[in-house]
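Below: the structure, in structure tokens.
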Amino acid sequence: MAVSRWRGLGVLAALALVAVLALPGQAQVGKNRAGTITTGSAHSAALGESIAYNVYLPHGYDRGAGRYPVLYLLHGRGDTMQAWTQVKDTLDRLIQDKRIPGLIAVMPDAPWSGGGSWYVDSRYTGTDAPGRPVETALTRDLVNHVDSAYRTAPIRDARMVGGYSMGGYGALRFTLAHPDLFGSALVLSPAVYTPLPPADSSAREYGAFGLGDQKFADEVYRELNYPDLLPGMDPELPVRLFVAVGDDEYANPDPADARHDLDFESEALYNTVRRAPGVSAEMRILDGGHDWSVWGPAFEQGMANLGPMLSVVAPTGLPAPLYGTAGTDWAGGVAAHADGSVTLGLAAGGPVNGRPYAGKLDAVLIRRNPDGTPRWTRQLGTAADERLYGVAALPDGGVLAAGYTRGDLDGRHPGNTTDDAFVVRLDASGEVRWLTQFGTAGAADRAYGLTATPDGGGYLVGYTKGALAGTNSGDKDAFLTRIGADGQLGWTRQLGGAGEDKAYGVAADATGVFVAGSATAGLPGAPALGGLDGWIAGYGTDGTSRWVSAAGGDGDDRLGAVTVTTDGLAVATGESGGDLLAVAYTSAGRQKWSRTVATPAPDAGAGVVALPGGAVEVIGYTRGRIGVAAGGADVLAVRLSGTGRQQAAAQFGTARDDGVDPFAEPNLYATPTPAGDVLVTGLTYGTPGDGTAPGNGDVFLATVDSTG
């Protein structure tokens with residue numbers, strides 16, 4: 001099988017593929033094959049004694065060599081490590097059904113402070129039951145022991161902690177206070193109270209939150225509880241929580257303390273953490289009380305939700321450096337040149353590389369040498385907004401770039417206040433050869449896609465609210481324009497129905513031009529399918545309309561990019577019903593194949609590049625898991641054969657959103673390199689592991705090695 005790798009320009013970083021991400025234990029788990037539970041002990045330097053625990057090992061652990069994620073399970077007050085052994089059958093079934101990876105589950109005993117330690121480091125010094133450093137013992141000594149005694153992966157992505165009641169408090173605290181250790185938590189019927197526990201709570205009785213000879217100190221409890229932890233959370237170490245509670249939990253008879261009933265407190269917890277940076281959360285209310293009628297099914301649901309995100313392989317991050325300013329920045333395209341240099345396009349909210357800044361968003365083009373050093377930077381702007389939506393290499397080493405301006409970018413549109421499309425040609429040294437601004441006076445016109453032609457001109461696509469070529473059919477119409485090597489507009493074709501129609505992608509070969517976009521009410525020759533429709537159209541190189549075809553289903557669909565393969569197929573990508581969609585058409589408009597790539601979360605295609613042998617590399621984003629999830633939305637690379645068969649897939653990114661903007665639209669571009677790789681650029685709100693981020697949304701540049 002072919003192997004795809006991501007790398008920063010000149011810096012190789014392997015990406016795990018779906019086929020090589022077979023999780024430990026899955027291959028060995030067959031029907032009715034069960035794991036085992038044994039006992040163990042770990043010496044704790046913090047406690048000066050051993051920690052007893054039960055450990056669940058999945059079927060096949062003793063015969064394999066792979067590493068496993070670890071689930072730590074904390075029992076409630078008054079229980080022992082035996083309590084969690086009853087989830088063994090659930091773990092066996094979830095692993096056997098491949099709903100979660102094979103994993104190790106560690107169930108420590110917590111007898112300290114009379115069984116009411118709340119899993120914190122107690123400061124109580126009373127002689128009856130002095131406090132113990134339980135949190136330090138479990139998060140440091142036990143975790144270190146488990147990582148040395150078992151075949152674990154000592155990374156946060158491979159660790160989860162769960163607990164019920166007092167253990168639910170512990171699981172929540174361990175995850176929020178130690179996000180470097182734990183990436184997720186099952187928080188079941190958590191005994192967490194804000195701002196303080198009710199008068200009859202056992203949290204006040206055992207010294208867990210004591211200070212000196214006081215068994216309970218308000219200030220200690222507040223300091224250790226989740227409201228004080230959340231402001232210090234690091235969004236670069238995101239955590240996932242699954243909170244569950246019963247609808248028949250204990251109801252406090254004192255009306256003054258009704259607010260502290262666990263169903264109330266759990267809802268308050270959920271609605272607080274879901275708004276905290278770096279925390280994502282799910283909430284379930286189940287039928288039952290403070291017992292295993294709730295914790296059993298909640299454990300299964302929580303593991304099905306969080307378990308698939310466990311990974312023994314650390315996520316692949318973004319390469320440094322990022323490009324942008326401290327202001328708002330957007331990706332705007334990328335071009336690869338024959339000499340190995342790269343031109344990166346972006347819209348910048350400030351000056352870049354010392355170039356003059358005109359205001360709001362400027363269009364910026366940066367040429368990088370093959371070794372990554374800057375060659376030149378060109379910043380174009382007015383006091384209004386300029387956005388780039390495509391960069392294309394020219395045979396002479398220059399580039400075309402296109403987008404829209406709301407000002408007078410070419411000096412021939414004084415007083416302009418509506419969006420105009422523009423295209424600019426720069427020579428190999430970064431000097432502007434010409435800049436053409438065009439549109440309908442008083443109406444919005446935007447260029448959203450660009451491809452170059454061998455003569456130094458190109459094709460532009462986008463939308464117009466006016467009449468660039470004939471009468472507007474309603475709202476916005478898509479357009480296709482041929483521009484010459486001298487910057488003069490050639491022919492323009494306008495395509496629209498009764499609704500809002502946009503063209504996003506364009507590709508061409510010697511036989512024709514292919515355009516991809518979206519429509520809300522159907523197009524002539526392509527009846528509406530329902531919701532937002534994707535569409536693809538074929539034109540002759542002289543602008544003759546040949547065919548139009550709708551793509552997708554009865555939900556919302558969009559096609560955002562298109563390429564022509566070495567087999568002569570027009571392959572477009574976008575999304576359909578929340579899944580990544582790729583479709584292939586012949587030059588005559590007959591669909592050859594259609595492929596979706598789906599996770600339970602949103603996925604979308606944004607760029608597509610032709611590879612040798614008729615294959616394509618589709619670039620998009622996913623909020624789910626195709627490879628190893630990094631967090632938020634990740635960049636996704638999917639290789640499809642000439643017949644649409646998926647050959648490889650992988651994802652990479654930061655802990656925050658990558659490749660998608662705040663409006664849930666992709667902001668990604670891809671182009672082939674002379675060496676046969678694929679350059680990818682896009683928007684990120686995160687930080688590369690080996691660099692810094694200017695902030696407020698920046699632009700990354702990476703390479704997919706598609707030659708393997």
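Chains: A, B, ... in order of the structure tokens. Residues: from 1 per chain. Ligands: from 1, in order shown.
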
Selection near A:Ser165, 9 Å with only C-alpha atoms, sequence-local residues under 6 positions removed, as a list in words:
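Close residues of A:Ser165: His75, Gly76, Arg77, Val187, Leu188, Ser189, Pro190, Ala191, Val192 and His290 of chain A.
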
Taking N, CA and C atoms for each residue, export the selection above as an mmCIF file, in the first residue's frame.
```
data_model
loop_
_atom_site.group_PDB
_atom_site.id
_atom_site.type_symbol
_atom_site.label_atom_id
_atom_site.label_comp_id
_atom_site.auth_asym_id
_atom_site.auth_seq_id
_atom_site.Cartn_x
_atom_site.Cartn_y
_atom_site.Cartn_z
ATOM 1 N N HIS A 75 -12.845 4.559 42.266
ATOM 2 C CA HIS A 75 -14.105 4.139 42.906
ATOM 3 C C HIS A 75 -14.652 5.254 43.798
ATOM 4 N N GLY A 76 -15.871 5.064 44.258
ATOM 5 C CA GLY A 76 -16.529 6.034 45.115
ATOM 6 C C GLY A 76 -16.154 5.871 46.578
ATOM 7 N N ARG A 77 -16.612 6.823 47.405
ATOM 8 C CA ARG A 77 -16.310 6.780 48.838
ATOM 9 C C ARG A 77 -16.911 5.524 49.455
ATOM 10 N N VAL A 187 -16.913 11.184 33.781
ATOM 11 C CA VAL A 187 -17.277 11.834 35.039
ATOM 12 C C VAL A 187 -18.722 11.438 35.352
ATOM 13 N N LEU A 188 -18.890 10.412 36.206
ATOM 14 C CA LEU A 188 -20.195 9.816 36.437
ATOM 15 C C LEU A 188 -20.717 10.193 37.823
ATOM 16 N N SER A 189 -21.933 10.754 37.865
ATOM 17 C CA SER A 189 -22.551 11.193 39.127
ATOM 18 C C SER A 189 -21.523 11.873 40.024
ATOM 19 N N PRO A 190 -20.821 12.860 39.517
ATOM 20 C CA PRO A 190 -19.677 13.407 40.264
ATOM 21 C C PRO A 190 -20.112 14.143 41.527
ATOM 22 N N ALA A 191 -19.435 13.843 42.623
ATOM 23 C CA ALA A 191 -19.692 14.530 43.894
ATOM 24 C C ALA A 191 -18.919 15.839 43.906
ATOM 25 N N VAL A 192 -19.325 16.734 43.007
ATOM 26 C CA VAL A 192 -18.733 18.072 42.930
ATOM 27 C C VAL A 192 -19.818 19.085 43.282
ATOM 28 N N HIS A 290 -28.151 6.909 42.326
ATOM 29 C CA HIS A 290 -26.721 6.978 42.591
ATOM 30 C C HIS A 290 -26.173 5.569 42.779
#
```

Which residues come within 8 Å of A:Leu640, counting only C-alpha atoms, excluding same-chain residues fewer than 4 positions away, as a VMD selection string?
chain A and resid 615 to 618 644 to 648

Taking into account only C-alpha atoms, which residue in the set A:Ala447, A:Ala34, A:Leu400, A:Val342 is nearest to A:Asp427?
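Using only C-alpha atoms, the shortest distance to A:Asp427 belongs to A:Leu400.
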
Which residues are near A:Leu229? Cut-off 8 Å, only C-alpha atoms, ignore same chain within fewer than 4 positions. Put them as an MDAnalysis selection string.
chainID A and resid 176:177 223:225 233

Using only C-alpha atoms, find the one residue out of A:Asp455, A:Glu205, A:Asp509, A:Asp486 that sits nearest to A:Gly540.
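With only C-alpha atoms as the atom set, the closest residue is A:Asp509.
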
As a check of understanding: the span from atom CA of A:Gly589 to atom CA of A:Thr451 is 20.2 Å

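With distances restricted to only C-alpha atoms, A:His178 is the closest residue to A:Thr139 from A:Arg595, A:Arg275, A:His178, A:Arg123.
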
Within 8 Å of A:Gln651, counting only C-alpha atoms, which residues show up once you throw out same-chain ones fewer than 4 positions away? Write them as a PyMOL selection string, please.
chain A and resi 15+316+622+625-629+634-637

Convert the current residue selection to file output with N, CA, C and O atoms, as a compact mmCIF listing (two decimals), in the first residue's frame.
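So again.txt came out as:
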```txt
# COMPACT_ATOMS: atom_id res chain seq x y z
N LEU A 15 3.28 10.48 8.96
CA LEU A 15 1.89 10.47 9.42
C LEU A 15 1.41 9.04 9.43
O LEU A 15 1.65 8.29 8.50
N THR A 316 0.22 14.10 14.73
CA THR A 316 1.20 14.83 13.95
C THR A 316 0.80 16.29 13.90
O THR A 316 -0.33 16.62 13.53
N THR A 622 -11.42 17.36 9.00
CA THR A 622 -12.31 16.48 9.75
C THR A 622 -12.33 16.89 11.21
O THR A 622 -11.31 17.31 11.76
N ARG A 625 -12.18 11.22 13.49
CA ARG A 625 -10.91 10.51 13.52
C ARG A 625 -10.79 9.64 12.28
O ARG A 625 -11.54 8.68 12.11
N ILE A 626 -9.86 10.00 11.42
CA ILE A 626 -9.48 9.18 10.28
C ILE A 626 -8.13 8.54 10.55
O ILE A 626 -7.90 7.38 10.24
N GLY A 627 -7.23 9.30 11.12
CA GLY A 627 -5.92 8.82 11.55
C GLY A 627 -5.79 9.01 13.04
O GLY A 627 -6.52 8.42 13.83
N VAL A 628 -4.90 9.90 13.45
CA VAL A 628 -4.72 10.25 14.86
C VAL A 628 -5.20 11.68 15.05
O VAL A 628 -4.65 12.61 14.47
N ALA A 629 -6.24 11.85 15.84
CA ALA A 629 -6.83 13.18 16.01
C ALA A 629 -5.93 14.06 16.86
O ALA A 629 -5.41 13.63 17.90
N ASP A 634 -9.07 18.97 12.20
CA ASP A 634 -7.74 18.64 11.71
C ASP A 634 -7.73 18.64 10.19
O ASP A 634 -8.75 18.41 9.54
N VAL A 635 -6.56 18.85 9.62
CA VAL A 635 -6.39 18.72 8.18
C VAL A 635 -6.41 17.24 7.81
O VAL A 635 -5.86 16.39 8.52
N LEU A 636 -7.06 16.93 6.70
CA LEU A 636 -7.27 15.55 6.27
C LEU A 636 -6.71 15.37 4.87
O LEU A 636 -6.91 16.22 4.00
N ALA A 637 -5.98 14.28 4.65
CA ALA A 637 -5.47 13.93 3.32
C ALA A 637 -5.98 12.53 2.98
O ALA A 637 -5.78 11.59 3.76
```
